[in-house]
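Chemist: The structure is given below, and queries will be raised subsequently.
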Amino acid sequence: MNDNLAYQPSQPKSLFGRFFLVILIVAGIAGLALLVPPFAMSKSPATSATNVSLSGKISITFDLPLRRTALSFDISPKTEGALTYSNLIFDKHLARTIVYTPQSNLMPNTDYTVTISGIESYYNPFHKSNVLIYKFHSQTLPSIAKANLTEGQKNVPICDPIDLTLKGSNQNQVDFNFDFSPKVEFTETLSADFKKYTLTPTNCLSQGTAYTLTADRIIKSGSGDDLKYQLSFSTSSAPDVKSYSPTGDAVLVNSTKWLIEFAVPMNKSDVTNKILISPATAGLWSWPSETELDFTANQNLKYNTKYDILIPKGAKDAGRGFVSDDIHLAFKTIGAAAISVFSPANGAINIPVDSVASITFNQTVDKQSAESKVRLSPATEVNYSWNGNKLTLMPKSPLAKSTDYKILVDAGVKSISGTNSVSNYQSGFRTVENQVLLDIAQDYQDKALSCEAASLKMALTYRSLSVTETNIMDIVGFDPTVHSGNVWGNPNVAFVGDINGKQDTSGYGVYWDPIAKAADYYRPGSTAFSGGNIATLTDALSAGNPVIIWGTFGSSASADTWQTPDGKTISAWKGEHARLLTGYKGSSTDPTTFYLNDPIAGKITWTKATMLDNWGRFNNSGVIVK
């Protein structure tokens with residue numbers, strides 16, 4: 001079979017026929033396309049876009065011109081705006097792009113949904129439509145995320161800028177109002193990527209100051225919350241001296257090496273050029289480190305001289321800090337030996353008699369020289385002991401009570417490192433008061449006016465004798481003279497008046513001689529006296545003998561006189577009263593205090609002045625009971 005006779009499909013006989021066939025195919029395809037609703041070729045913002053600008057427009061471009069009358073645009077949450085058309089094939093017709101422009105900014109950090117319905121091709125006579133739904137998320141408003149300082153940070157450099165990094169970028173969505181407390185002048189800049197503010201102090205911050213930086217976020221338009229950011233910090237303090245040497249008031253004159261340690265690194269050249277020494281001292285400054293400054297003097301220092309090192313206001317540290325006030329570093333070289341401490345202290349009282357005395361020198365002295373210059377007055381034999389610069393004087397026997405002592409140091413004590421002492425020193429103290437107190441039990445008078453008998457009874461009881469007031473009065477006796485006008489009995493002989501009567505009216509009392517007669521009866525050797533003195537009392541008490549003394553009782557006591565029947569004048573006092581003297585405190589020649597058993601008031605204490613005043617009303621009279 002001949003292959004040329006096989007079946008062949010019919011084909012156009014010419015080129016025109018073939019072209020016409022192609023046109024028919026293309027037209028068919030285009031016609032079919034016109035029946036399909038337009039397709040969204042691009043969206044701005046894109047589907048599921050995040051961080052969408054709050055002031056941005058919504059733009060969608062389709063592949064075919066749109067039928068405007070069918071189109072419906074909606075955005076949720078509801079946002080007022082204007083819908084326009086662009087990308088026109090003919091002037092004002094056949095638009096393929098729709099643009100929605102919000103009247104105000106979108107809400108921040110919000111999910112938005114765009115719904116476009118009635119999407120029809122302008123060419124589609126059958127009104128085939130489609131619906132486009134897509135979503136995007138608006139940007140979060142920028143806020144301050146962090147600073148280059150931490151909350152509460154200390155020692156912040158005074159001139160360094162403060163950086164505030166944002167969360168998000170601030171492309172004109174918000175304003176930040178920055179403020180410092182205390183007030184600070186500063187410049188504000190925003191980085192090119194809109195993500196960092198830099199605050200630079202114009203004249204640096206103040207040193208050693210607590211600051212609070214606040215930043216108020218204010219939204220320019222649209223909605224959202226205003227925010228306040230706050231940061232507290234404190235600046236570095238003015239540079240100061242941490243320590244220095246030598247110090248004190250007894251620096252050795254060969255202390256030619258001085259050291260100053262600063263709390264922070266310093267500007268070496270600036271400090272060296274500004275530091276001053278007074279009095280002027282030749283030497284060399286050197287820096288072992290950024291915080292240590294040494295001075296080496298060319299020769300020994302002067303004795304007894306105050307040296308002042310001045311680091312003036314304005315001296316700089318290694319940063320941008322500076323000394324805010326003049327810093328004075330002072331010391332004094334050793335001078336003459338002197339006493340820095342006395343013990344007991346000058347004016348001390350009631351020092352126990354077994355105490356030691358001591359003196360402390362302000363420097364090391366020659367021990368033998370010091371011992372030769374120190375003594376106690378009244379003269380007292382002592383042993384010496386040393387502990388450093390302290391010399392202790394240990395009396396070989398107890399000190400005397402109620403005695404004023406002085407520690408005396410003569411000039412000329414030799415110094416080891418300074419100069420010899422040039423002054424005489426003394427310090428006084430008083431030893432504990434001497435006290436004599438007889439252990440006599442208190443008793444009270446049995447009768448209204450039996451104070452004399454009661455006082456003697458207490459003294460005899462102290463002598464282990466058991467007697468009564470009646471026993472005593474049997475010996476003393478009673479003067480029978482009745483009080484009539486200015487005539488009465490004689491108390492120098494016996495008891496005058498009624499012992500149960502009223503003082504100086506119906507009864508009075510008895511004087512020392514009749515009481516001494518009764519005392520001598522029970523205690524031979526007991527005697528009366530008149531015109532006595534302090535020694536009369538203290539000598540008797542020191543010997544263990546109580547003393548009955550005469551005086552007055554009560555504030556209304558007053559002098560009185562009368563005549564005895566035989567014409568003798570009696571000196572008397574309204575309020576006459578006898579007491580038993582039991583002891584005293586202080587020296588025997590000048591006691592400070594007296595102790596008494598009062599038959600009416602009980603145990604009492606009198607000062608020396610009170611004692612002399614009351615006792616003197618009866619010419620210092622009494623009875624010593626031996």
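How things are named: the first chain in the structure tokens is A, the next is B, and so on; residues count from 1 in each chain; ligands count from 1 in the order shown.
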If you run DSSP on this backbone, which residues of range 87-224 of chain A come out as strand (DSSP E), and could you give them as a compact mmCIF listing (two decimals) with N, CA and C atoms, in the first residue's frame?
Modeler:
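Ended up saving to states-v3.txt:
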```
# COMPACT_ATOMS: atom_id res chain seq x y z
N ASN A 87 -5.67 53.87 38.34
CA ASN A 87 -5.22 52.90 37.32
C ASN A 87 -6.29 52.76 36.23
N LEU A 88 -6.63 53.89 35.60
CA LEU A 88 -7.70 53.97 34.61
C LEU A 88 -7.19 53.63 33.21
N ILE A 89 -8.02 52.89 32.44
CA ILE A 89 -7.67 52.60 31.04
C ILE A 89 -8.00 53.82 30.18
N PHE A 90 -9.17 54.38 30.41
CA PHE A 90 -9.52 55.64 29.77
C PHE A 90 -9.71 56.68 30.85
N HIS A 93 -12.45 56.36 33.46
CA HIS A 93 -13.22 55.12 33.21
C HIS A 93 -12.29 53.92 33.26
N LEU A 94 -12.96 52.78 33.43
CA LEU A 94 -12.27 51.49 33.38
C LEU A 94 -11.12 51.43 34.38
N ALA A 95 -11.43 51.66 35.71
CA ALA A 95 -10.42 51.61 36.76
C ALA A 95 -10.17 50.18 37.22
N ARG A 96 -8.92 49.87 37.42
CA ARG A 96 -8.56 48.54 37.92
C ARG A 96 -8.09 48.56 39.40
N THR A 97 -7.91 49.78 39.99
CA THR A 97 -7.39 49.89 41.36
C THR A 97 -8.36 50.71 42.21
N ILE A 98 -8.63 50.18 43.41
CA ILE A 98 -9.43 50.95 44.37
C ILE A 98 -8.52 51.37 45.53
N VAL A 99 -8.75 52.58 46.06
CA VAL A 99 -7.93 53.11 47.16
C VAL A 99 -8.87 53.62 48.25
N TYR A 100 -8.65 53.11 49.50
CA TYR A 100 -9.45 53.56 50.63
C TYR A 100 -8.55 54.37 51.56
N THR A 101 -8.93 55.63 51.79
CA THR A 101 -8.12 56.52 52.63
C THR A 101 -8.89 56.83 53.91
N PRO A 102 -8.41 56.30 55.08
CA PRO A 102 -9.10 56.57 56.36
C PRO A 102 -9.05 58.06 56.70
N ASP A 111 -6.48 43.95 64.87
CA ASP A 111 -6.75 43.12 63.69
C ASP A 111 -7.86 43.78 62.87
N TYR A 112 -7.55 44.05 61.60
CA TYR A 112 -8.53 44.65 60.68
C TYR A 112 -8.93 43.61 59.63
N THR A 113 -10.20 43.68 59.23
CA THR A 113 -10.72 42.81 58.15
C THR A 113 -11.31 43.70 57.06
N VAL A 114 -10.84 43.51 55.82
CA VAL A 114 -11.35 44.25 54.66
C VAL A 114 -12.25 43.31 53.85
N THR A 115 -13.47 43.74 53.60
CA THR A 115 -14.42 42.94 52.80
C THR A 115 -14.86 43.76 51.60
N ILE A 116 -14.59 43.22 50.39
CA ILE A 116 -15.00 43.89 49.15
C ILE A 116 -15.95 42.93 48.43
N SER A 117 -17.16 43.34 48.28
CA SER A 117 -18.16 42.50 47.58
C SER A 117 -18.58 43.21 46.29
N GLY A 118 -19.28 42.43 45.43
CA GLY A 118 -19.72 42.98 44.15
C GLY A 118 -18.57 43.26 43.20
N ILE A 119 -17.56 42.41 43.24
CA ILE A 119 -16.42 42.58 42.35
C ILE A 119 -16.81 42.00 40.98
N GLU A 120 -17.09 42.89 39.99
CA GLU A 120 -17.51 42.48 38.65
C GLU A 120 -16.63 43.12 37.60
N SER A 129 -20.05 38.13 39.78
CA SER A 129 -19.33 38.89 40.82
C SER A 129 -18.59 37.96 41.78
N ASN A 130 -17.73 38.59 42.54
CA ASN A 130 -16.93 37.85 43.51
C ASN A 130 -16.82 38.68 44.81
N VAL A 131 -16.39 38.05 45.88
CA VAL A 131 -16.17 38.72 47.17
C VAL A 131 -14.73 38.49 47.60
N LEU A 132 -14.07 39.57 48.01
CA LEU A 132 -12.69 39.48 48.49
C LEU A 132 -12.68 39.82 49.98
N ILE A 133 -12.14 38.92 50.79
CA ILE A 133 -11.98 39.15 52.24
C ILE A 133 -10.52 38.91 52.60
N TYR A 134 -9.89 39.90 53.23
CA TYR A 134 -8.53 39.65 53.70
C TYR A 134 -8.27 40.48 54.95
N LYS A 135 -7.23 40.10 55.70
CA LYS A 135 -6.97 40.70 57.01
C LYS A 135 -5.53 41.21 57.10
N PHE A 136 -5.34 42.19 58.00
CA PHE A 136 -3.99 42.67 58.35
C PHE A 136 -4.03 43.18 59.79
N HIS A 137 -2.85 43.42 60.38
CA HIS A 137 -2.73 43.87 61.78
C HIS A 137 -1.99 45.19 61.83
N SER A 138 -2.61 46.16 62.49
CA SER A 138 -1.97 47.49 62.56
C SER A 138 -0.79 47.47 63.54
N SER A 143 6.85 52.47 72.13
CA SER A 143 6.99 52.77 73.55
C SER A 143 8.45 52.55 73.92
N ILE A 144 8.84 53.10 75.06
CA ILE A 144 10.23 52.96 75.49
C ILE A 144 10.43 51.59 76.10
N ALA A 145 11.33 50.83 75.51
CA ALA A 145 11.57 49.47 75.95
C ALA A 145 12.68 49.41 77.00
N LYS A 146 13.71 50.20 76.83
CA LYS A 146 14.84 50.13 77.76
C LYS A 146 15.70 51.38 77.61
N ALA A 147 16.55 51.56 78.61
CA ALA A 147 17.51 52.66 78.58
C ALA A 147 18.91 52.09 78.75
N GLN A 153 20.18 53.04 89.18
CA GLN A 153 21.64 52.98 89.00
C GLN A 153 22.32 54.14 89.70
N LYS A 154 23.48 53.84 90.29
CA LYS A 154 24.25 54.86 90.99
C LYS A 154 25.52 55.17 90.21
N ASN A 155 26.14 56.27 90.60
CA ASN A 155 27.42 56.68 90.01
C ASN A 155 27.34 56.85 88.49
N VAL A 156 26.24 57.40 88.01
CA VAL A 156 26.08 57.65 86.59
C VAL A 156 26.97 58.84 86.20
N ILE A 162 21.98 59.89 77.61
CA ILE A 162 21.08 58.81 78.02
C ILE A 162 20.34 58.33 76.78
N ASP A 163 20.45 57.05 76.48
CA ASP A 163 19.80 56.46 75.31
C ASP A 163 18.54 55.72 75.75
N LEU A 164 17.46 55.95 75.01
CA LEU A 164 16.18 55.30 75.26
C LEU A 164 15.77 54.57 74.00
N THR A 165 15.78 53.25 74.05
CA THR A 165 15.45 52.42 72.89
C THR A 165 13.96 52.11 72.89
N LEU A 166 13.34 52.26 71.69
CA LEU A 166 11.90 52.06 71.57
C LEU A 166 11.57 50.62 71.20
N LYS A 167 10.39 50.24 71.58
CA LYS A 167 9.77 49.03 71.05
C LYS A 167 8.93 49.48 69.87
N VAL A 174 3.62 59.27 67.49
CA VAL A 174 3.47 59.79 68.85
C VAL A 174 4.55 60.83 69.10
N ASP A 175 4.34 61.59 70.17
CA ASP A 175 5.37 62.48 70.70
C ASP A 175 5.79 61.97 72.06
N PHE A 176 7.06 62.12 72.38
CA PHE A 176 7.55 61.82 73.72
C PHE A 176 7.99 63.14 74.36
N ASN A 177 7.36 63.48 75.46
CA ASN A 177 7.77 64.67 76.20
C ASN A 177 8.69 64.24 77.34
N PHE A 178 9.96 64.58 77.23
CA PHE A 178 10.96 64.18 78.21
C PHE A 178 11.17 65.30 79.23
N ASP A 179 11.39 64.87 80.50
CA ASP A 179 11.60 65.87 81.55
C ASP A 179 12.47 65.25 82.65
N PHE A 180 13.35 66.08 83.21
CA PHE A 180 14.20 65.66 84.33
C PHE A 180 13.77 66.40 85.59
N SER A 181 13.87 65.71 86.69
CA SER A 181 13.69 66.35 88.00
C SER A 181 14.86 65.94 88.88
N PHE A 186 18.80 69.96 78.00
CA PHE A 186 19.35 68.86 77.21
C PHE A 186 18.89 68.99 75.76
N THR A 187 19.56 68.27 74.90
CA THR A 187 19.15 68.16 73.50
C THR A 187 18.60 66.76 73.27
N GLU A 188 17.67 66.68 72.32
CA GLU A 188 16.97 65.42 72.05
C GLU A 188 17.12 65.08 70.57
N THR A 189 17.55 63.86 70.28
CA THR A 189 17.68 63.41 68.88
C THR A 189 17.05 62.04 68.75
N LEU A 190 16.51 61.75 67.53
CA LEU A 190 15.92 60.46 67.20
C LEU A 190 16.75 59.83 66.11
N LYS A 196 15.45 54.99 68.47
CA LYS A 196 16.22 55.34 69.66
C LYS A 196 16.29 56.85 69.83
N TYR A 197 15.94 57.31 71.05
CA TYR A 197 16.11 58.71 71.42
C TYR A 197 17.40 58.84 72.23
N THR A 198 18.11 59.91 71.99
CA THR A 198 19.31 60.21 72.76
C THR A 198 19.14 61.59 73.40
N LEU A 199 19.26 61.61 74.75
CA LEU A 199 19.15 62.86 75.51
C LEU A 199 20.54 63.23 76.01
N THR A 200 21.03 64.37 75.58
CA THR A 200 22.38 64.79 75.93
C THR A 200 22.32 66.06 76.78
N PRO A 201 22.77 65.99 78.07
CA PRO A 201 22.76 67.20 78.91
C PRO A 201 23.59 68.31 78.28
N ALA A 210 20.35 62.83 92.95
CA ALA A 210 19.35 61.85 92.53
C ALA A 210 18.43 62.50 91.49
N TYR A 211 18.27 61.85 90.35
CA TYR A 211 17.43 62.36 89.26
C TYR A 211 16.30 61.39 88.96
N THR A 212 15.22 61.96 88.44
CA THR A 212 14.13 61.15 87.89
C THR A 212 13.84 61.66 86.48
N LEU A 213 13.94 60.77 85.50
CA LEU A 213 13.63 61.09 84.11
C LEU A 213 12.25 60.52 83.80
N THR A 214 11.37 61.37 83.28
CA THR A 214 10.05 60.91 82.87
C THR A 214 9.86 61.17 81.38
N ALA A 215 9.09 60.29 80.73
CA ALA A 215 8.77 60.43 79.31
C ALA A 215 7.28 60.17 79.14
N ASP A 216 6.55 61.19 78.78
CA ASP A 216 5.12 61.05 78.53
C ASP A 216 4.88 60.81 77.05
N ARG A 217 4.24 59.70 76.71
CA ARG A 217 3.91 59.40 75.33
C ARG A 217 2.54 59.98 75.00
N ILE A 218 2.51 60.82 73.98
CA ILE A 218 1.26 61.46 73.57
C ILE A 218 0.96 61.07 72.12
N ILE A 219 -0.21 60.47 71.89
CA ILE A 219 -0.59 60.03 70.54
C ILE A 219 -1.01 61.24 69.72
```
Chemist: Could you tell me which of A:Ala543, A:Val487, A:Ile351, A:Ala318 comes closest to Ala400 in chain A if we count only C-alpha atoms?
Modeler: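 That would be A:Ile351, the residue with the smallest distance to Ala400 in chain A.
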Chemist: Extract the full set of alpha helix (DSSP H) residues from range 77-290 of chain A according to DSSP on the backbone, and format it as a PDB file with C-alpha atoms, in the first residue's frame.
Modeler:
```
ATOM      1  CA  LYS A 268      46.771  63.321  87.048  1.00  0.00           C
ATOM      2  CA  SER A 269      48.153  66.413  85.383  1.00  0.00           C
ATOM      3  CA  ASP A 270      45.244  68.605  86.474  1.00  0.00           C
ATOM      4  CA  VAL A 271      45.499  67.567  90.127  1.00  0.00           C
ATOM      5  CA  THR A 272      49.289  67.826  90.206  1.00  0.00           C
ATOM      6  CA  ASN A 273      49.160  71.333  88.769  1.00  0.00           C
ATOM      7  CA  LYS A 274      46.559  72.528  91.282  1.00  0.00           C
TER       8      LYS A 274
END
```
Chemist: Quick one: distance from CA of Ser530 in chain A to CA of Ile515 in chain A in Å, one decimal?
Modeler: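 The value is 13.2 Å.
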Chemist: So which one's closest to Leu66 in chain A, A:Pro142, A:Pro38, A:Pro344, A:Gly525? Using only C-alpha atoms, please.
Modeler: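 Nearest candidate to Leu66 in chain A out of A:Pro142, A:Pro38, A:Pro344, A:Gly525: A:Pro38.
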Chemist: Given the choices A:Tyr584, A:Phe233, A:Phe553, A:Tyr122, which gets closest to Ala535 in chain A if the distance is worked out from only C-alpha atoms?
Modeler: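 Under the stated criterion, the closest residue is A:Tyr584.
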Chemist: List the neighbours of Ile158 in chain A out to 10 Å using only C-alpha atoms; skip same-chain residues closer than 2 positions along the sequence, and give me the result as a list of chain:residue names.
Modeler: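 What passes the distance filter is A:Asn155, A:Val156, A:Asp160, A:Pro161, A:Pro201, A:Asn203, A:Cys204, A:Leu205, A:Ser206, A:Gln207, A:Gly208, A:Thr209, A:Ser234, A:Thr235, A:Ser236, A:Ser237, A:Ala238, A:Gly319, A:Arg320, A:Gly321.
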